[in-house]
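Okay, structure.txt is below, compact mmCIF, C-alpha atoms:
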# COMPACT_ATOMS: atom_id res chain seq x y z
CA MET A 22 99.39 98.51 70.76
CA LYS A 23 100.11 101.94 72.23
CA ILE A 24 98.30 103.75 75.02
CA VAL A 25 98.45 107.54 75.04
CA ALA A 26 98.02 108.60 78.65
CA THR A 27 97.93 112.13 80.04
CA ASP A 28 98.93 112.47 83.69
CA ARG A 29 97.57 114.92 86.28
CA VAL A 30 99.92 117.71 85.28
CA GLY A 31 98.96 117.42 81.61
CA LYS A 32 102.04 115.54 80.41
CA GLU A 33 101.42 112.98 77.69
CA HIS A 34 103.00 109.52 77.93
CA VAL A 35 102.98 106.95 75.15
CA VAL A 36 103.32 103.47 76.62
CA ASP A 37 103.24 100.00 75.14
CA GLY A 38 100.18 97.98 76.02
CA ARG A 39 100.26 94.21 76.35
CA ASP A 40 97.59 92.01 74.96
CA GLY A 41 95.31 90.78 77.75
CA TRP A 42 96.71 93.12 80.40
CA SER A 43 94.51 95.81 81.88
CA VAL A 44 95.20 99.43 81.03
CA MET A 45 95.56 99.99 84.81
CA GLU A 46 98.46 97.52 85.00
CA ILE A 47 100.21 99.12 82.04
CA LEU A 48 99.86 102.67 83.39
CA ARG A 49 100.85 101.67 86.92
CA ASP A 50 103.94 99.79 85.74
CA ALA A 51 104.88 102.76 83.56
CA GLY A 52 104.97 104.87 86.72
CA LEU A 53 101.82 106.91 86.15
CA PRO A 54 100.04 107.98 89.35
CA ILE A 55 97.44 105.21 89.39
CA ALA A 56 96.79 104.14 92.99
CA ALA A 57 94.80 100.98 92.10
CA GLU A 58 94.47 100.28 95.80
CA CYS A 59 92.51 97.05 95.40
CA GLY A 60 94.94 95.70 92.82
CA GLY A 61 92.45 95.40 89.98
CA ALA A 62 89.45 93.84 91.70
CA CYS A 63 87.02 96.60 90.68
CA ALA A 64 86.67 97.38 94.36
CA CYS A 65 88.15 100.82 95.03
CA ALA A 66 87.71 103.24 92.08
CA THR A 67 91.27 104.56 92.46
CA CYS A 68 92.26 103.70 88.87
CA HIS A 69 89.71 106.11 87.40
CA VAL A 70 90.55 107.50 83.96
CA TYR A 71 88.80 109.61 81.35
CA VAL A 72 88.69 107.93 77.95
CA GLU A 73 89.14 110.62 75.32
CA ASP A 74 88.57 111.41 71.65
CA GLY A 75 85.87 108.94 70.79
CA TRP A 76 87.63 105.92 72.30
CA TYR A 77 84.97 105.58 75.02
CA GLU A 78 82.44 104.36 72.47
CA LYS A 79 84.88 101.77 71.09
CA LEU A 80 85.23 100.01 74.46
CA SER A 81 83.03 97.16 75.63
CA PRO A 82 80.44 98.80 77.84
CA PRO A 83 81.14 98.85 81.60
CA SER A 84 79.78 95.97 83.66
CA ASP A 85 77.19 96.62 86.36
CA ALA A 86 79.96 96.13 88.93
CA GLU A 87 82.04 98.85 87.28
CA ILE A 88 79.08 101.23 86.99
CA ASP A 89 78.42 100.70 90.70
CA MET A 90 82.08 101.18 91.61
CA LEU A 91 82.24 104.42 89.62
CA ASP A 92 79.78 105.78 92.20
CA MET A 93 82.74 105.90 94.58
CA ALA A 94 85.04 107.68 92.12
CA LEU A 95 85.65 111.42 92.30
CA ALA A 96 84.85 113.84 89.47
CA VAL A 97 83.06 111.29 87.34
CA GLU A 98 82.25 112.49 83.83
CA PRO A 99 79.45 110.50 82.21
CA GLY A 100 80.54 109.31 78.77
CA ARG A 101 84.24 109.63 79.64
CA SER A 102 84.82 107.92 82.99
CA ARG A 103 86.03 104.33 83.22
CA LEU A 104 87.99 102.25 85.70
CA SER A 105 91.23 101.39 83.92
CA CYS A 106 91.45 97.99 85.63
CA GLN A 107 88.41 97.00 83.59
CA ILE A 108 89.80 97.99 80.18
CA VAL A 109 91.69 95.10 78.61
CA CYS A 110 94.43 95.82 76.08
CA LYS A 111 93.87 94.47 72.58
CA ASP A 112 94.99 95.43 69.08
CA GLU A 113 91.75 97.24 68.25
CA LEU A 114 92.55 99.70 71.04
CA ASP A 115 95.89 100.72 69.51
CA GLY A 116 96.27 104.45 70.15
CA ILE A 117 93.61 104.68 72.88
CA LYS A 118 93.76 108.02 74.69
CA VAL A 119 93.17 108.28 78.42
CA THR A 120 93.65 110.93 81.07
CA VAL A 121 94.31 110.05 84.71
CA ALA A 122 91.37 111.45 86.74
CA PRO A 123 92.01 113.74 89.71
CA GLU A 124 92.43 112.22 93.15
CA MET B 24 90.76 111.38 127.56
CA SER B 25 94.16 109.80 127.34
CA THR B 26 94.95 106.27 128.38
CA ARG B 27 98.44 104.90 128.82
CA VAL B 28 99.16 101.20 128.50
CA GLU B 29 102.34 99.16 128.62
CA THR B 30 102.75 96.05 126.52
CA ASP B 31 105.38 94.04 124.67
CA VAL B 32 104.49 94.99 121.11
CA ALA B 33 102.42 97.81 119.62
CA ILE B 34 101.15 96.91 116.15
CA ILE B 35 99.99 99.60 113.75
CA GLY B 36 97.36 98.10 111.49
CA ALA B 37 94.83 95.35 112.19
CA GLY B 38 94.75 93.89 108.69
CA PRO B 39 95.50 90.23 108.05
CA ILE B 40 99.24 90.68 108.64
CA GLY B 41 98.84 92.64 111.88
CA LEU B 42 96.42 89.98 113.09
CA PHE B 43 98.72 87.09 112.22
CA ALA B 44 101.60 88.91 113.93
CA VAL B 45 99.59 88.61 117.15
CA PHE B 46 99.64 84.84 116.66
CA GLU B 47 103.36 84.53 116.04
CA LEU B 48 104.19 86.92 118.89
CA GLY B 49 101.69 85.19 121.14
CA LEU B 50 103.39 81.81 120.70
CA LEU B 51 106.47 83.51 122.15
CA ASP B 52 104.45 84.92 125.08
CA LEU B 53 104.55 88.48 123.75
CA LYS B 54 101.44 90.58 124.36
CA CYS B 55 100.14 93.02 121.77
CA HIS B 56 98.10 96.16 121.39
CA LEU B 57 96.84 97.01 117.90
CA VAL B 58 95.87 100.41 116.53
CA ASP B 59 93.74 100.82 113.40
CA ILE B 60 92.05 103.85 111.93
CA LEU B 61 89.15 101.71 110.74
CA ASP B 62 86.41 100.74 113.16
CA ARG B 63 86.91 97.00 112.68
CA PRO B 64 89.65 94.48 111.93
CA GLY B 65 90.65 93.27 108.46
CA GLY B 66 92.16 96.34 106.81
CA GLN B 67 91.88 96.29 103.02
CA CYS B 68 90.40 92.78 103.14
CA THR B 69 87.25 93.95 104.90
CA GLU B 70 87.22 97.57 103.75
CA LEU B 71 87.73 97.07 100.03
CA TYR B 72 86.70 93.51 99.21
CA PRO B 73 84.91 91.77 102.09
CA GLU B 74 82.86 89.64 99.70
CA LYS B 75 85.49 89.03 97.01
CA PRO B 76 87.13 85.63 97.00
CA ILE B 77 90.88 85.28 97.56
CA TYR B 78 92.41 82.17 95.97
CA ASP B 79 96.07 82.31 97.00
CA ILE B 80 96.07 81.71 100.74
CA PRO B 81 97.93 78.43 101.31
CA GLY B 82 95.53 75.73 102.41
CA LEU B 83 92.41 77.80 101.75
CA PRO B 84 91.46 77.23 98.11
CA ILE B 85 88.88 80.00 98.33
CA VAL B 86 88.19 82.48 101.12
CA THR B 87 86.62 85.95 101.18
CA GLY B 88 88.36 88.94 102.75
CA GLN B 89 85.81 88.91 105.56
CA ASP B 90 86.10 85.19 106.16
CA LEU B 91 89.90 85.30 106.22
CA THR B 92 89.68 88.08 108.81
CA ASN B 93 87.18 86.09 110.89
CA ARG B 94 89.42 83.03 110.79
CA LEU B 95 92.48 85.03 111.83
CA LEU B 96 90.51 86.54 114.73
CA GLU B 97 89.56 83.04 115.83
CA GLN B 98 93.16 81.91 115.52
CA ILE B 99 94.52 84.73 117.72
CA LYS B 100 91.72 84.67 120.28
CA PRO B 101 93.80 82.81 122.91
CA PHE B 102 96.32 85.64 123.00
CA GLY B 103 93.97 88.38 124.22
CA ALA B 104 95.32 91.19 122.05
CA GLN B 105 93.87 94.62 122.78
CA PHE B 106 92.44 96.60 119.88
CA HIS B 107 92.24 100.37 119.55
CA PHE B 108 89.89 100.89 116.62
CA GLY B 109 89.02 104.20 115.04
CA GLU B 110 92.37 105.62 116.11
CA MET B 111 95.24 106.75 113.93
CA ALA B 112 98.83 106.15 115.00
CA GLN B 113 100.09 109.69 115.12
CA ALA B 114 103.44 110.01 116.82
CA LEU B 115 106.29 107.76 117.83
CA GLU B 116 108.77 108.81 120.48
CA LYS B 117 111.73 107.05 122.04
CA LEU B 118 111.67 107.10 125.84
CA PRO B 119 114.79 107.42 128.01
CA ASP B 120 114.57 103.73 128.97
CA GLY B 121 114.78 102.70 125.31
CA LYS B 122 111.12 101.81 124.93
CA TRP B 123 108.83 103.42 122.38
CA LYS B 124 105.75 105.50 123.05
CA LEU B 125 103.16 105.36 120.31
CA THR B 126 100.48 108.04 120.59
CA THR B 127 97.19 107.95 118.68
CA ASP B 128 95.01 110.82 117.58
CA ALA B 129 92.59 109.84 120.34
CA GLY B 130 95.29 110.36 122.96
CA THR B 131 95.98 106.67 123.64
CA GLU B 132 99.61 106.09 124.61
CA ILE B 133 101.08 102.64 124.10
CA VAL B 134 104.50 102.04 125.60
CA ALA B 135 106.38 99.02 124.26
CA PRO B 136 109.92 97.92 123.47
CA VAL B 137 108.84 96.84 119.98
CA ILE B 138 106.76 98.62 117.34
CA VAL B 139 105.43 96.67 114.36
CA ILE B 140 104.13 98.63 111.40
CA ALA B 141 101.68 96.48 109.45
CA ALA B 142 99.84 99.39 107.93
CA GLY B 143 99.49 98.22 104.32
CA GLY B 144 99.39 101.33 102.17
CA GLY B 145 98.78 103.58 105.18
CA SER B 146 95.57 104.95 106.68
CA PHE B 147 92.14 104.76 105.15
CA VAL B 148 90.85 108.32 104.95
CA PRO B 149 87.77 109.79 103.25
CA LYS B 150 88.14 110.65 99.58
CA ARG B 151 88.24 114.41 99.20
CA PRO B 152 86.52 115.72 96.06
CA PRO B 153 88.89 117.66 93.78
CA VAL B 154 87.03 120.95 94.30
CA PRO B 155 89.40 123.94 94.47
CA GLY B 156 90.09 125.15 98.00
CA ILE B 157 87.89 122.54 99.72
CA GLU B 158 90.36 122.20 102.62
CA ALA B 159 89.54 125.72 103.78
CA PHE B 160 85.92 124.70 104.36
CA GLU B 161 86.76 121.68 106.53
CA ASN B 162 86.73 121.64 110.35
CA LYS B 163 84.66 124.82 110.59
CA GLY B 164 82.42 123.49 113.32
CA ASP B 165 79.29 121.44 113.96
CA GLY B 166 76.73 121.36 111.18
CA ILE B 167 78.49 123.84 108.88
CA GLY B 168 81.11 123.56 106.16
CA VAL B 169 82.48 120.33 104.71
CA HIS B 170 82.15 117.08 106.65
CA TYR B 171 83.22 113.57 105.58
CA ALA B 172 81.34 111.84 108.37
CA VAL B 173 78.34 112.50 110.57
CA ARG B 174 79.31 112.27 114.23
CA LYS B 175 76.15 113.76 115.70
CA MET B 176 73.05 113.98 113.55
CA ASP B 177 71.58 116.74 115.65
CA THR B 178 74.30 119.18 114.60
CA PHE B 179 72.59 119.33 111.19
CA ARG B 180 69.16 120.16 112.62
CA GLY B 181 67.67 123.20 110.88
CA LYS B 182 70.57 123.41 108.41
CA ASN B 183 70.60 123.38 104.62
CA VAL B 184 72.49 120.20 103.83
CA LEU B 185 74.01 119.10 100.52
CA ILE B 186 75.12 115.48 100.14
CA ALA B 187 77.16 114.13 97.21
CA GLY B 188 77.61 110.48 96.28
CA GLY B 189 75.71 107.35 95.32
CA GLY B 190 76.81 104.72 97.80
CA ASP B 191 75.29 103.52 101.04
CA SER B 192 76.69 106.34 103.18
CA ALA B 193 75.33 109.02 100.84
CA LEU B 194 71.88 107.45 100.76
CA ASP B 195 71.75 106.52 104.45
CA TRP B 196 72.61 110.04 105.55
CA THR B 197 70.20 111.52 103.04
CA ILE B 198 67.43 109.43 104.57
CA ASN B 199 68.49 110.11 108.17
CA LEU B 200 69.15 113.82 107.90
CA ALA B 201 66.18 114.75 105.68
CA PRO B 202 63.69 114.79 108.58
CA ILE B 203 65.76 117.17 110.71
CA ALA B 204 67.55 119.35 108.16
CA LYS B 205 65.96 122.57 106.94
CA SER B 206 66.54 121.30 103.42
CA LEU B 207 68.32 118.30 102.00
CA THR B 208 69.77 118.10 98.51
CA LEU B 209 71.46 115.02 97.08
CA VAL B 210 73.66 115.20 93.99
CA HIS B 211 75.15 112.30 92.07
CA HIS B 212 76.68 111.94 88.62
CA ARG B 213 73.94 109.58 87.43
CA ASP B 214 70.31 108.81 88.13
CA GLY B 215 71.21 105.48 89.67
CA PHE B 216 72.90 104.34 92.86
CA ARG B 217 75.11 101.52 94.02
CA ALA B 218 73.50 101.80 97.46
CA ALA B 219 71.14 99.09 98.77
CA GLN B 220 67.86 99.04 96.87
CA HIS B 221 65.70 99.63 99.95
CA SER B 222 67.70 102.80 100.69
CA VAL B 223 67.22 103.98 97.12
CA ASN B 224 63.47 103.31 97.41
CA GLN B 225 63.31 105.28 100.65
CA MET B 226 65.18 108.19 99.08
CA ARG B 227 62.83 108.20 96.06
CA GLU B 228 59.89 108.25 98.46
CA LEU B 229 61.35 111.26 100.31
CA GLU B 230 61.94 112.92 96.95
CA LYS B 231 58.26 112.42 96.02
CA GLU B 232 57.20 113.91 99.34
CA GLY B 233 59.39 116.93 98.61
CA LYS B 234 61.66 116.26 101.60
CA VAL B 235 64.70 115.55 99.44
CA LYS B 236 65.79 117.28 96.25
CA PHE B 237 67.85 115.10 93.93
CA HIS B 238 69.91 116.39 91.00
CA VAL B 239 72.12 114.58 88.53
CA ALA B 240 74.98 116.99 89.08
CA SER B 241 78.35 117.46 90.66
CA VAL B 242 79.88 120.14 92.86
CA LYS B 243 82.30 122.33 90.90
CA GLN B 244 83.02 125.15 93.32
CA LEU B 245 82.50 126.15 96.93
CA HIS B 246 81.55 129.68 97.93
CA GLY B 247 82.05 131.60 101.15
CA ASP B 248 84.62 133.91 102.69
CA ASN B 249 87.31 132.58 105.02
CA GLY B 250 86.06 129.04 104.70
CA ASN B 251 82.56 129.87 105.87
CA LEU B 252 80.44 127.95 103.39
CA THR B 253 77.46 129.78 101.94
CA GLY B 254 76.86 127.82 98.75
CA VAL B 255 78.23 125.82 95.86
CA THR B 256 78.23 125.81 92.09
CA LEU B 257 76.58 122.69 90.73
CA SER B 258 77.09 121.39 87.22
CA GLY B 259 74.34 119.28 85.70
CA ALA B 260 74.34 116.53 83.12
CA ASP B 261 74.12 119.07 80.29
CA LYS B 262 77.07 121.02 81.77
CA LYS B 263 74.64 123.75 82.79
CA GLU B 264 75.86 125.35 86.01
CA TRP B 265 73.86 126.93 88.78
CA GLU B 266 74.35 128.26 92.29
CA HIS B 267 72.98 126.38 95.26
CA GLN B 268 72.87 127.77 98.80
CA THR B 269 73.90 125.45 101.60
CA ASP B 270 75.26 125.49 105.14
CA ALA B 271 76.89 122.08 104.96
CA PHE B 272 78.39 119.91 102.24
CA LEU B 273 78.81 116.19 102.93
CA PRO B 274 80.73 114.31 100.22
CA PHE B 275 80.53 110.50 100.58
CA PHE B 276 82.85 108.78 98.10
CA GLY B 277 84.26 106.14 100.41
CA LEU B 278 87.81 105.83 101.60
CA THR B 279 91.21 105.98 100.03
CA ILE B 280 94.63 105.11 101.40
CA LYS B 281 97.10 107.80 102.41
CA LEU B 282 100.38 107.07 104.13
CA GLY B 283 99.66 109.60 106.87
CA PRO B 284 101.80 110.27 109.96
CA ILE B 285 103.99 107.18 109.44
CA ALA B 286 105.86 109.36 106.95
CA GLU B 287 107.07 111.41 109.93
CA PHE B 288 108.41 108.46 111.94
CA GLY B 289 111.94 108.89 110.54
CA LEU B 290 112.16 105.49 108.86
CA ASN B 291 114.04 106.42 105.65
CA LEU B 292 111.00 105.76 103.51
CA HIS B 293 111.58 104.87 99.90
CA GLU B 294 108.60 105.60 97.63
CA ASN B 295 106.28 105.50 100.66
CA LEU B 296 107.59 102.08 101.71
CA ILE B 297 109.73 101.14 104.70
CA PRO B 298 112.99 99.41 103.75
CA VAL B 299 113.66 96.37 105.95
CA ASP B 300 116.19 93.57 106.18
CA THR B 301 114.94 90.11 105.29
CA ALA B 302 116.15 88.26 108.37
CA ARG B 303 114.27 90.36 110.94
CA PHE B 304 112.01 92.65 108.90
CA GLU B 305 113.31 95.50 111.00
CA SER B 306 113.49 99.06 109.69
CA SER B 307 116.62 101.21 109.84
CA THR B 308 115.57 102.04 113.41
CA PRO B 309 116.16 99.17 115.84
CA GLY B 310 112.98 98.03 117.53
CA ILE B 311 110.72 99.24 114.75
CA PHE B 312 109.65 96.50 112.37
CA ALA B 313 107.61 96.68 109.17
CA ILE B 314 105.69 93.74 107.71
CA GLY B 315 103.18 93.29 104.91
CA ASP B 316 102.52 95.67 102.03
CA ILE B 317 104.21 98.63 103.75
CA ASN B 318 107.74 97.22 103.63
CA ALA B 319 110.26 96.97 100.81
CA TYR B 320 113.15 94.60 100.22
CA PRO B 321 114.71 92.96 97.17
CA GLY B 322 112.21 90.53 95.69
CA LYS B 323 109.27 91.80 97.72
CA LEU B 324 105.85 90.57 96.61
CA LYS B 325 102.77 92.27 97.99
CA LEU B 326 100.98 89.07 98.90
CA ILE B 327 99.21 88.15 102.12
CA LEU B 328 101.25 84.97 102.33
CA SER B 329 104.51 86.96 102.18
CA GLY B 330 103.25 89.09 105.07
CA PHE B 331 102.56 85.97 107.13
CA HIS B 332 106.16 84.81 106.62
CA GLU B 333 107.45 88.25 107.53
CA ALA B 334 105.38 88.21 110.73
CA ALA B 335 106.92 84.91 111.83
CA LEU B 336 110.49 86.09 111.37
CA MET B 337 109.76 89.49 112.92
CA ALA B 338 108.40 87.73 116.04
CA GLN B 339 111.67 85.85 116.55
CA ALA B 340 113.63 89.12 116.47
CA ALA B 341 111.07 90.95 118.63
CA PHE B 342 111.40 88.25 121.29
CA HIS B 343 115.07 89.02 121.82
CA ILE B 344 114.32 92.72 122.24
CA CYS B 345 111.44 92.16 124.67
CA LYS B 346 113.09 89.38 126.65
CA PRO B 347 116.84 89.93 126.27
CA ASN B 348 117.77 87.51 129.04
CA GLU B 349 115.62 84.61 127.92
CA LYS B 350 116.45 81.84 125.49
CA LEU B 351 114.04 81.47 122.60
CA ARG B 352 112.83 77.91 122.37
CA PHE B 353 111.68 77.20 118.82
CA GLN B 354 108.79 74.75 118.90
CA TYR B 355 106.05 73.39 116.67
CA THR B 356 102.38 73.77 117.53
CA THR B 357 101.88 70.16 116.44
CA SER B 358 104.21 68.69 119.03
CA SER B 359 104.69 71.22 121.80
CA SER B 360 102.38 70.78 124.77
CA SER B 361 103.38 74.23 126.08
CA LEU B 362 102.31 75.89 122.81
CA GLN B 363 99.10 73.88 122.82
CA LYS B 364 98.45 75.10 126.35
CA LYS B 365 98.82 78.71 125.18
CA LEU B 366 96.40 77.97 122.36
CA GLY B 367 93.97 76.38 124.79
CA VAL B 368 93.91 73.14 122.81
CA ASN B 369 95.53 70.73 125.27
CA ALA B 370 95.73 67.51 123.35
Is it possible to give me this structure as structure tokens?
Amino acid sequence: MKIVATDRVGKEHVVDGRDGWSVMEILRDAGLPIAAECGGACACATCHVYVEDGWYEKLSPPSDAEIDMLDMALAVEPGRSRLSCQIVCKDELDGIKVTVAPE
Amino acid sequence: MSTRVETDVAIIGAGPIGLFAVFELGLLDLKCHLVDILDRPGGQCTELYPEKPIYDIPGLPIVTGQDLTNRLLEQIKPFGAQFHFGEMAQALEKLPDGKWKLTTDAGTEIVAPVIVIAAGGGSFVPKRPPVPGIEAFENKGDGIGVHYAVRKMDTFRGKNVLIAGGGDSALDWTINLAPIAKSLTLVHHRDGFRAAQHSVNQMRELEKEGKVKFHVASVKQLHGDNGNLTGVTLSGADKKEWEHQTDAFLPFFGLTIKLGPIAEFGLNLHENLIPVDTARFESSTPGIFAIGDINAYPGKLKLILSGFHEAALMAQAAFHICKPNEKLRFQYTTSSSSLQKKLGVNA
């Protein structure tokens, strides 16, 4: 599967996802500016992304823990904002479009 | 108020690795002072995930960040380390006698032959909302402009106050400032809060009484000439924007990690990490060591257990700098009565 990620200066990156890995891990390892300070524990909100072009609705809904953690994210956009450590790569998400949120 | 202290080792960062460094240094009779920008020990472990279980500490099948911190504090208690909490390590200067002087933003000066940087990813600082030009509205004085913390409640008396956020700080300050502010407005991106339920109930009560105005909205723009805040543009759930007058804007979105002044310490940073050798965990500058997540070397893994190992080897090297004329006697806590005496556990 591919992930289409736009960074904070508007540049688009197409990176290979890995089944079972989180989108945060893929973006971070690809060198995108994802702080992910807590390392994927849903405890810091520094892997905040906007999920674009109808992909938001195709994701499993956020857990209560993620909804709570999004309260500590900046510039949250209801219906677009997710924590990328909570999005798990799978074939159905091939082509998912995300934008790294501002820090 | 500046205080000047002399010690063997100044440690920047009181996270798990800084704390364990006290133990390893203490076994070698080296005294420590620790500086941390947070107001309590534990670093990321207590700031980000105090209640989350950690499963990869050798010998502790499951331990929370808070419990690990508590256990480390118990373990280092015999060594009487001094803590300087709520202070940021700001400047490092070499003195004519070869020692280092570490100065904090509170004016504390720690003079020591060895500096240990155990600062993780850097300093925890408040998250700054990505509102254009917000920096210009910061540090404009008591009760006006943008503030990321409330030092003195009374400075907001009689002021129009706008708070943003949905966590405990946002709700607690809404509840505490509402009675003394001229007006209090809370904005959050949803009509729900991660804050403690009793705080949310209290806020809803104040809202009913008309003492707090709550909007599902976010701050898009700040207004005012020369950084003197007069109002903001709010954007609601339906993207409708409106102007809101306020004297003060208090965003509470928790903390994030920025490297901070360590970047200016002249340590040849590579991608915000301090390169070290793997025998001593010393930086390119003799006498300055880096352990834990802040260092880099071939094969580095950012694990707490790696930091513990690094602390032990660093302590051996630090000993020779602090006590150049003494022979280091390597001993085991299990068998050495002198180590047991230091630990206060005379068998």
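Taking only C-alpha atoms into account, A:Val121 lies nearest to A:Asp28 out of the set A:Asp28, A:Glu58, A:Asp89, A:Glu98.
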Show me the residues around (112.5, 89.7, 121.7) - criterion: an atom at most 10 Å away, only C-alpha atoms counted - as a PyMOL selection string. chain B and resi 31-32+48+51-53+136-137+310+337-351
Close residues, B:Asp270 itself excluded, 10 Å, all atoms listed in the file, min 2 positions apart in chain, as an NGL selection string: :B and (166-169 or 179 or 181-185 or 205-206 or 247 or 251-255 or 268 or 272)
Looking at all atoms listed in the file, which of B:Ile297, B:Ala44, B:Ala187, B:Val86 is the one that sits closest to B:Phe237? B:Ala187
Starting from the point (90.4, 100.4, 78.3), work out which residues of protein, DNA or RNA have an atom no more than 12 Å away when counting only C-alpha atoms; state them as a short mmCIF file (atom, residue, chain, number, x, y, z; two decimals) with C-alpha atoms, keeping the file's coordinate frame.
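Result written to part25.cif:
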data_model
loop_
_atom_site.label_atom_id
_atom_site.label_comp_id
_atom_site.auth_asym_id
_atom_site.auth_seq_id
_atom_site.Cartn_x
_atom_site.Cartn_y
_atom_site.Cartn_z
CA MET A 22 99.39 98.51 70.76
CA LYS A 23 100.11 101.94 72.23
CA ILE A 24 98.30 103.75 75.02
CA VAL A 25 98.45 107.54 75.04
CA ALA A 26 98.02 108.60 78.65
CA GLY A 38 100.18 97.98 76.02
CA ARG A 39 100.26 94.21 76.35
CA ASP A 40 97.59 92.01 74.96
CA GLY A 41 95.31 90.78 77.75
CA TRP A 42 96.71 93.12 80.40
CA SER A 43 94.51 95.81 81.88
CA VAL A 44 95.20 99.43 81.03
CA MET A 45 95.56 99.99 84.81
CA GLU A 46 98.46 97.52 85.00
CA ILE A 47 100.21 99.12 82.04
CA LEU A 48 99.86 102.67 83.39
CA CYS A 68 92.26 103.70 88.87
CA HIS A 69 89.71 106.11 87.40
CA VAL A 70 90.55 107.50 83.96
CA TYR A 71 88.80 109.61 81.35
CA VAL A 72 88.69 107.93 77.95
CA GLU A 73 89.14 110.62 75.32
CA TRP A 76 87.63 105.92 72.30
CA TYR A 77 84.97 105.58 75.02
CA GLU A 78 82.44 104.36 72.47
CA LYS A 79 84.88 101.77 71.09
CA LEU A 80 85.23 100.01 74.46
CA SER A 81 83.03 97.16 75.63
CA PRO A 82 80.44 98.80 77.84
CA PRO A 83 81.14 98.85 81.60
CA ARG A 101 84.24 109.63 79.64
CA SER A 102 84.82 107.92 82.99
CA ARG A 103 86.03 104.33 83.22
CA LEU A 104 87.99 102.25 85.70
CA SER A 105 91.23 101.39 83.92
CA CYS A 106 91.45 97.99 85.63
CA GLN A 107 88.41 97.00 83.59
CA ILE A 108 89.80 97.99 80.18
CA VAL A 109 91.69 95.10 78.61
CA CYS A 110 94.43 95.82 76.08
CA LYS A 111 93.87 94.47 72.58
CA ASP A 112 94.99 95.43 69.08
CA GLU A 113 91.75 97.24 68.25
CA LEU A 114 92.55 99.70 71.04
CA ASP A 115 95.89 100.72 69.51
CA GLY A 116 96.27 104.45 70.15
CA ILE A 117 93.61 104.68 72.88
CA LYS A 118 93.76 108.02 74.69
CA VAL A 119 93.17 108.28 78.42
CA THR A 120 93.65 110.93 81.07
#
I need the contact residues of chain B against chain A, so if you could list those with any atom within 9 Å, counting only C-alpha atoms, and return them as a ChimeraX atom specification, that would help. /B:67,71-72,75,144,150-154,188-190,211-213,215-218,241-243,260,275-280
Go ahead and save the residues from that selection, with C-alpha atoms, as a PDB file, in the frame of the given file.
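Okay, selection-v3.pdb is ready:
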ATOM      1  CA  GLN B  67      91.880  96.290 103.020  1.00  0.00           C
ATOM      2  CA  LEU B  71      87.730  97.070 100.030  1.00  0.00           C
ATOM      3  CA  TYR B  72      86.700  93.510  99.210  1.00  0.00           C
ATOM      4  CA  LYS B  75      85.490  89.030  97.010  1.00  0.00           C
ATOM      5  CA  GLY B 144      99.390 101.330 102.170  1.00  0.00           C
ATOM      6  CA  LYS B 150      88.140 110.650  99.580  1.00  0.00           C
ATOM      7  CA  ARG B 151      88.240 114.410  99.200  1.00  0.00           C
ATOM      8  CA  PRO B 152      86.520 115.720  96.060  1.00  0.00           C
ATOM      9  CA  PRO B 153      88.890 117.660  93.780  1.00  0.00           C
ATOM     10  CA  VAL B 154      87.030 120.950  94.300  1.00  0.00           C
ATOM     11  CA  GLY B 188      77.610 110.480  96.280  1.00  0.00           C
ATOM     12  CA  GLY B 189      75.710 107.350  95.320  1.00  0.00           C
ATOM     13  CA  GLY B 190      76.810 104.720  97.800  1.00  0.00           C
ATOM     14  CA  HIS B 211      75.150 112.300  92.070  1.00  0.00           C
ATOM     15  CA  HIS B 212      76.680 111.940  88.620  1.00  0.00           C
ATOM     16  CA  ARG B 213      73.940 109.580  87.430  1.00  0.00           C
ATOM     17  CA  GLY B 215      71.210 105.480  89.670  1.00  0.00           C
ATOM     18  CA  PHE B 216      72.900 104.340  92.860  1.00  0.00           C
ATOM     19  CA  ARG B 217      75.110 101.520  94.020  1.00  0.00           C
ATOM     20  CA  ALA B 218      73.500 101.800  97.460  1.00  0.00           C
ATOM     21  CA  SER B 241      78.350 117.460  90.660  1.00  0.00           C
ATOM     22  CA  VAL B 242      79.880 120.140  92.860  1.00  0.00           C
ATOM     23  CA  LYS B 243      82.300 122.330  90.900  1.00  0.00           C
ATOM     24  CA  ALA B 260      74.340 116.530  83.120  1.00  0.00           C
ATOM     25  CA  PHE B 275      80.530 110.500 100.580  1.00  0.00           C
ATOM     26  CA  PHE B 276      82.850 108.780  98.100  1.00  0.00           C
ATOM     27  CA  GLY B 277      84.260 106.140 100.410  1.00  0.00           C
ATOM     28  CA  LEU B 278      87.810 105.830 101.600  1.00  0.00           C
ATOM     29  CA  THR B 279      91.210 105.980 100.030  1.00  0.00           C
ATOM     30  CA  ILE B 280      94.630 105.110 101.400  1.00  0.00           C
TER      31      ILE B 280
END
Exercise on stretch 215-230 of chain B, axis-aligned box with 5 Å per side, report centre and edge lengths in Å to one decimal, as JSON:
{"center_x": 67.5, "center_y": 106.0, "center_z": 95.2, "size_x": 25.2, "size_y": 23.9, "size_z": 21.0}
Write out as a list in words which residues come within 9 Å of B:Leu200 when counting only C-alpha atoms, dropping same-chain ones fewer than 3 positions away.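 Once the adjacent positions are removed, what remains is Met176, Asp177, Phe179, Arg180, Val184, Asp195, Trp196, Thr197, Ile203, Ala204 and Leu207 of chain B.
Pairwise distance (atom CA of B:Pro274, atom CA of A:Gly31) equals 26.2 Å.
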Please report the interatomic distance between atom CA of B:Lys54 and atom CA of B:Ile99 in Å with one decimal.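 Atom CA of B:Lys54 sits 11.2 Å away from atom CA of B:Ile99.
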Between B:Pro321, B:Gly130, B:Gly143, B:Pro149, which residue has the minimum interatomic distance to B:Ser25, considering all atoms listed in the file? B:Gly130
